[in-house]
Amino acid sequence: MTRRRKFLLSMAASAAIAVCRGGPTPVMAQRNYRYPFIAGDSEDPHFNQPYIDVEEWRDEPAEVPNLFGLTTQRQGAAPIQARHLYVHGGFKGTDTKFAFYFPPKESYEGRFYQVTHQLLTNENSTPYNVAMTLAAGAYAVQTNMGGSEIARSAELNVAGGTDPSIGSYRANAAAAKYSRLVAQRVYGREHRPYGYLYGGSGGAYQVMDSAQNTSAVWDGFIPYVAGDPVANPSQFLVRAHALRVLKDKWPSIMDAIEPGGSGDPYAGLNAEEKGALEDATCYGFPLRAWFNYVPQGTGPFGLVAAFVPLLDPTYLEDFWTKLGYIAPGSSARAARIQSSATVARVIEQPAPTPFVMGTQLELSNVPPGDLTNFDLVGASGEAKGQSAPIGVVKGNVISFAVGANPAVVHSFHVGDTVRIDNSKYLALQTYYRHSIPERGSVFDYPATYDSFRNADGTPKFVQREILVGLHQNVENLDVTQGKFQGKMIMVQSLMDGDALPWMAAWYQTKVRDVLGASIDDNYRLWYTDNAQHVAPTTALQMTHVISYQGILEQALRDLSAWVEKGVAPPVSTSFVVKEGQVHVPPGAAVRKGIQPVVDLKVNGGVRTDVAVGHPVTLTATIETPPGTGSVVAADWDLEGRGDYLTAERLSDPRSTKVTVTASHAYTRPGVYFAAIRASSQRQGDAQTPYTRAQNLGRVRVVVK
């Protein structure tokens with residue numbers, strides 16, 4: 001039987017009972033390294049010997065592997081046609097590689113776009129990204145972030161020996177600056193190309209680091225789906241805790257928060273279950289996002305959770321042995337499993353990427369049930385006292401999860417005694433309660449953290465002396481300053497469970513502290529409703545969310561126009577944050593930003609109950625914020641399958657507000673969530689695949 005690890009973690013522990021008041025004040029972690037400031041006309045001595053080993057014209061970009069060593073499958077689709085000059089090279093004495101993609105001279109407009117992400121291991125960009133960039137009159141720049149010179153696990157990072165500034169911004173900066181010299185040669189003219197750096201998730205940290213630690217390397221920046229340092233890894237732990245505690249209650253919870261539901265997700269929950277959901281909601285996890293994370297688990301937790309026991313080594317023992325950690329009524333002790341086994345066989349296989357181990361172990365026995373988020377702990381031999389997270393389990397053969405330390409994995413040998421153990425997993429789940437930033441500190445965000453404090457401002461729970469999120473990790477350096485040169489547009493998703501929506505609002509406060517009343521001259525924050533951390537790929541995701549890709553593409557073009565021509569982009573989204581949740585106004589003109597707003601009704605409401613074969617009437621009003629373009633498409637998903645097969649014919653393809661209707665009869669009993677997906681485009685171009693800002697509306701149809 002196969003027991004599959006849901007990407008990384010899905011946690012454990014107790015309820016929302018106030019534990020110990022006023023524990024020790026959290027200590028702000030002191031960083032003990034300095035970041036070299038990189039100027040556009042300076043020389044970085046580590047990157048002063050660039051070389052080119054490939055330079056050739058191509059008609060289409062090559063496919064590239066992703067994090068797991070897999071390439072994008074076209075599935076019969078035609079290759080992306082995007083003629084370009086491909087230039088590949090690196091810097092001597094380093095493991096940093098770069099790739100440049102130059103458009104033909106007649107379509108070049110004097111700029112480059114550069115994408116970044118902390119998990120990039122390949123300098124070659126995806127075909128779509130290349131085509132999108134060339135279509136904007138820009139050339140594309142990408143690096144491998146420094147290759148082997150950067151730490152790829154928590155253990156290697158904490159051990160030191162690598163320079164965090166290389167992967168955060170210096171490798172990217174070196175490639176950006178050298179690309180300008182190559183561009184001058186390619187296009188045969190002296191000019192300084194404008195440069196724009198953009199990155200999502202951990203790449204957003206890199207963008208903000210780059211904005212603060214460089215000058216005249218890039219002219220504008222777009223961090224998107226950005227996190228908050230102090231909340232990392234707690235944002236994944238609070239989710240993991242709820243996933244475990246509420247395991248059997250998710251169907252009723254999600255039914256309550258779907259359109260036409262009761263609106264009360266807490267109905268029928270016991271004290272521990274209610275506390276887990278309240279904690280997650282107050283910490284900022286969007287209620288609507290649970291549809292995606294219940295089946296998929298805790299996301300990139302394995303890449304960051306290991307920092308807790310490494311940097312706060314007494315936490316795990318304290319959790320199991322001291323008062324104030326396991327709340328009364330917690331199910332943590334009952335859920336604890338520690339099962340002994342021996343290693344029967346070591347199966348060595350190549351690692352597909354630096355983040356995924358190929359090595360597998362066959363054990364003498366494996367306990368039944370779901371082993372998601374368990375660890376394999378060495379009880380004898382070279383691996384004694386060390387642990388590695390378990391990945392996929394097939395029979396008695398286990399693999400290792402993303403984030404496993406290769407040195408630990410390779411220390412397990414045949415005959416070793418090991419323990420399959422979820423003690424760490426359970427203890428980490430409520431770590432978020434014990435790592436709240438000090439009130440009034442640079443990392444404090446009262447709209448979120450006050451939910452975990454008493455009325456007098458003291459913490460409700462015993463606090464750790466170390467805030468792990470403030471230590472150097474794989475994803476961020478120091479993004480607290482909010483200080484940068486150039487222009488910045490931040491794009492954040494309102495249904496994101498990996499980078500919580502309020503985290504962009506927190507960073508905006510840092511920028512406002514620096515820029516004050518002039519913030520609108522240099523900064524925008526655009527929220528994207530009905531969007532998650534990444535683009536939807538499954539039918540389930542397609543029924544609930546849209547891709548923010550088109551909004552990101554428009555942000556790049558707006559940023560270019562802002563820097564190069566002084567054309568100010570549409571204003572920031574209006575929002576308020578209360579108890580960790582970001583709320584935006586319902587109307588497009590008041591909400592602002594650049595995303596169209598969709599208001600969908602079925603028979604005049606968000607829910608209707610009808611008999612089989614009885615037609616329903618769906619009416620959708622779609623409106624764009626002022627100055628953001630017109631509605632160019634509206635596609636129906638009447639059965640709630642995520643296929644959007646019925647395209648609405650728009651009477652006026654350049655209208656900023658349209659109303660469309662559809663009639664549909666359901667032939668079988670059931671509950672259907674009909675949806676419409678709307679697209680707007682700045683120039684009203686219904687044919688272009690780029691810069692299409694999307695949104696959707698959903699309603700419930702109960703057929704009896």
# chains A, B, ... in the order shown; residues from 1 in each chain; ligands from 1

$ select_by_dssp --residues "region 124-237 of chain A" --states "strand (DSSP E)" --output "VMD selection string"
chain A and resid 138 to 143 194 to 200 214 to 215 220 to 224

$ residues_around --residues "Leu197 (chain A)" --least-positions-apart "3" --cutoff "8 Å" --atoms "only C-alpha atoms" --output "JSON list (two decimals) with C-alpha atoms, in the first residue's frame"
[["chain", "number", "residue", "atom", "x", "y", "z"],
["A", 113, "TYR", "CA", 13.02, 41.53, -17.31],
["A", 114, "GLN", "CA", 14.76, 39.26, -14.80],
["A", 115, "VAL", "CA", 12.97, 36.61, -12.78],
["A", 116, "THR", "CA", 14.28, 35.24, -9.48],
["A", 207, "VAL", "CA", 13.55, 41.12, -4.87],
["A", 218, "TRP", "CA", 17.68, 47.50, -11.61],
["A", 220, "GLY", "CA", 12.10, 48.71, -10.79],
["A", 221, "PHE", "CA", 10.98, 45.75, -8.73],
["A", 222, "ILE", "CA", 7.98, 43.45, -8.47]]

$ residues_around --residues "region 690-693 of chain A" --least-positions-apart "3" --cutoff "6 Å" --atoms "only C-alpha atoms" --output "list of chain:residue names"
A:Gly550, A:Ile551, A:Glu553, A:Gln554, A:Gln595, A:Ser679, A:Ser680, A:Gln681

$ residues_around --residues "region 275-289 of chain A" --least-positions-apart "2" --cutoff "8 Å" --atoms "only C-alpha atoms" --output "PyMOL selection string"
chain A and resi 14-17+235+238-239+241-242+245-246+254+257-258+266+271-273+291-293+448-449+451+494-497+500-502+532+579-582

$ write_last_selection --atoms "N, CA and C atoms" --output "compact mmCIF listing (two decimals), in the first residue's frame"
# COMPACT_ATOMS: atom_id res chain seq x y z
N SER A 14 -2.39 21.17 19.91
CA SER A 14 -3.51 21.45 20.77
C SER A 14 -4.34 22.63 20.39
N ALA A 15 -5.19 23.03 21.31
CA ALA A 15 -6.26 23.96 21.01
C ALA A 15 -5.90 25.39 21.27
N ALA A 16 -6.92 26.26 21.28
CA ALA A 16 -6.67 27.69 21.45
C ALA A 16 -6.90 28.10 22.88
N ILE A 17 -6.35 27.34 23.82
CA ILE A 17 -6.50 27.68 25.23
C ILE A 17 -5.29 28.50 25.64
N GLN A 235 3.81 30.41 9.61
CA GLN A 235 2.66 30.43 8.73
C GLN A 235 2.33 29.05 8.21
N VAL A 238 0.86 26.86 11.60
CA VAL A 238 -0.53 27.09 11.99
C VAL A 238 -1.47 26.37 11.04
N ARG A 239 -1.10 26.31 9.78
CA ARG A 239 -1.90 25.56 8.80
C ARG A 239 -1.82 24.07 9.09
N HIS A 241 -1.21 22.55 11.89
CA HIS A 241 -1.95 22.24 13.11
C HIS A 241 -3.42 22.05 12.80
N ALA A 242 -3.99 22.99 12.06
CA ALA A 242 -5.41 22.90 11.72
C ALA A 242 -5.69 21.68 10.85
N VAL A 245 -5.71 18.55 13.30
CA VAL A 245 -6.76 18.55 14.32
C VAL A 245 -8.15 18.44 13.69
N LEU A 246 -8.34 19.07 12.56
CA LEU A 246 -9.67 19.13 11.92
C LEU A 246 -9.85 18.09 10.83
N MET A 254 -15.80 23.41 4.93
CA MET A 254 -15.73 23.99 3.60
C MET A 254 -17.12 24.21 3.00
N ILE A 257 -18.32 27.62 4.16
CA ILE A 257 -17.71 28.83 3.61
C ILE A 257 -17.85 28.93 2.09
N GLU A 258 -18.37 27.90 1.45
CA GLU A 258 -18.65 27.98 0.02
C GLU A 258 -19.83 28.91 -0.22
N TYR A 266 -17.50 27.07 12.26
CA TYR A 266 -17.22 26.54 13.59
C TYR A 266 -18.32 25.64 14.12
N ALA A 271 -13.76 21.95 21.39
CA ALA A 271 -12.91 23.07 21.82
C ALA A 271 -11.57 23.08 21.10
N GLU A 272 -10.93 21.91 20.97
CA GLU A 272 -9.63 21.86 20.31
C GLU A 272 -9.76 22.21 18.83
N GLU A 273 -10.79 21.67 18.18
CA GLU A 273 -10.99 21.92 16.76
C GLU A 273 -11.30 23.39 16.50
N PHE A 291 -9.93 24.88 0.65
CA PHE A 291 -10.29 23.91 -0.39
C PHE A 291 -9.04 23.30 -1.02
N ASN A 292 -7.97 24.09 -1.11
CA ASN A 292 -6.77 23.66 -1.81
C ASN A 292 -5.79 22.93 -0.89
N TYR A 293 -5.72 23.32 0.37
CA TYR A 293 -4.68 22.79 1.25
C TYR A 293 -5.13 21.54 2.01
N THR A 448 -2.67 41.37 13.11
CA THR A 448 -2.55 39.91 13.17
C THR A 448 -2.17 39.43 14.57
N TYR A 449 -1.09 39.96 15.10
CA TYR A 449 -0.52 39.39 16.32
C TYR A 449 -1.28 39.73 17.59
N SER A 451 -4.22 39.15 18.19
CA SER A 451 -5.11 38.02 18.48
C SER A 451 -4.45 37.03 19.43
N LEU A 494 -5.26 36.99 -2.47
CA LEU A 494 -6.15 36.97 -1.31
C LEU A 494 -6.56 35.57 -0.87
N MET A 495 -6.23 34.54 -1.65
CA MET A 495 -6.52 33.16 -1.24
C MET A 495 -5.24 32.34 -1.15
N ASP A 496 -4.19 32.98 -0.69
CA ASP A 496 -2.87 32.35 -0.61
C ASP A 496 -2.64 31.82 0.79
N GLY A 497 -2.39 30.52 0.90
CA GLY A 497 -2.08 29.92 2.18
C GLY A 497 -0.60 29.72 2.41
N LEU A 500 0.72 34.61 3.29
CA LEU A 500 -0.59 35.08 3.73
C LEU A 500 -0.84 36.52 3.26
N PRO A 501 -2.07 36.84 2.92
CA PRO A 501 -2.37 38.15 2.32
C PRO A 501 -1.88 39.34 3.14
N TRP A 502 -1.99 39.28 4.48
CA TRP A 502 -1.62 40.43 5.31
C TRP A 502 -0.13 40.76 5.26
N GLN A 532 -4.34 32.14 -5.63
CA GLN A 532 -3.57 31.47 -4.60
C GLN A 532 -2.08 31.71 -4.84
N GLU A 579 -7.95 41.18 12.45
CA GLU A 579 -7.69 39.84 13.00
C GLU A 579 -7.09 38.92 11.95
N GLY A 580 -6.06 39.44 11.29
CA GLY A 580 -5.30 38.65 10.34
C GLY A 580 -5.89 38.53 8.95
N GLN A 581 -7.14 38.95 8.75
CA GLN A 581 -7.80 38.78 7.46
C GLN A 581 -7.84 40.09 6.69
N VAL A 582 -7.51 40.01 5.40
CA VAL A 582 -7.54 41.17 4.52
C VAL A 582 -8.91 41.25 3.85

$ atom_distance --atom1 "CA of Ser210 (chain A)" --atom2 "CA of Ile546 (chain A)"
29.0 Å

$ residues_around --residues "His614 (chain A)" --least-positions-apart "3" --cutoff "10 Å" --atoms "only C-alpha atoms" --output "list in words"
Asp609, Val610, Ala611, His664, Ala665, Tyr666, Thr667, Val703 and Lys704 of chain A

$ atom_distance --atom1 "CA of Val54 (chain A)" --atom2 "CA of Ser215 (chain A)"
29.4 Å

$ atom_distance --atom1 "CA of Thr537 (chain A)" --atom2 "CA of Asp635 (chain A)"
17.2 Å
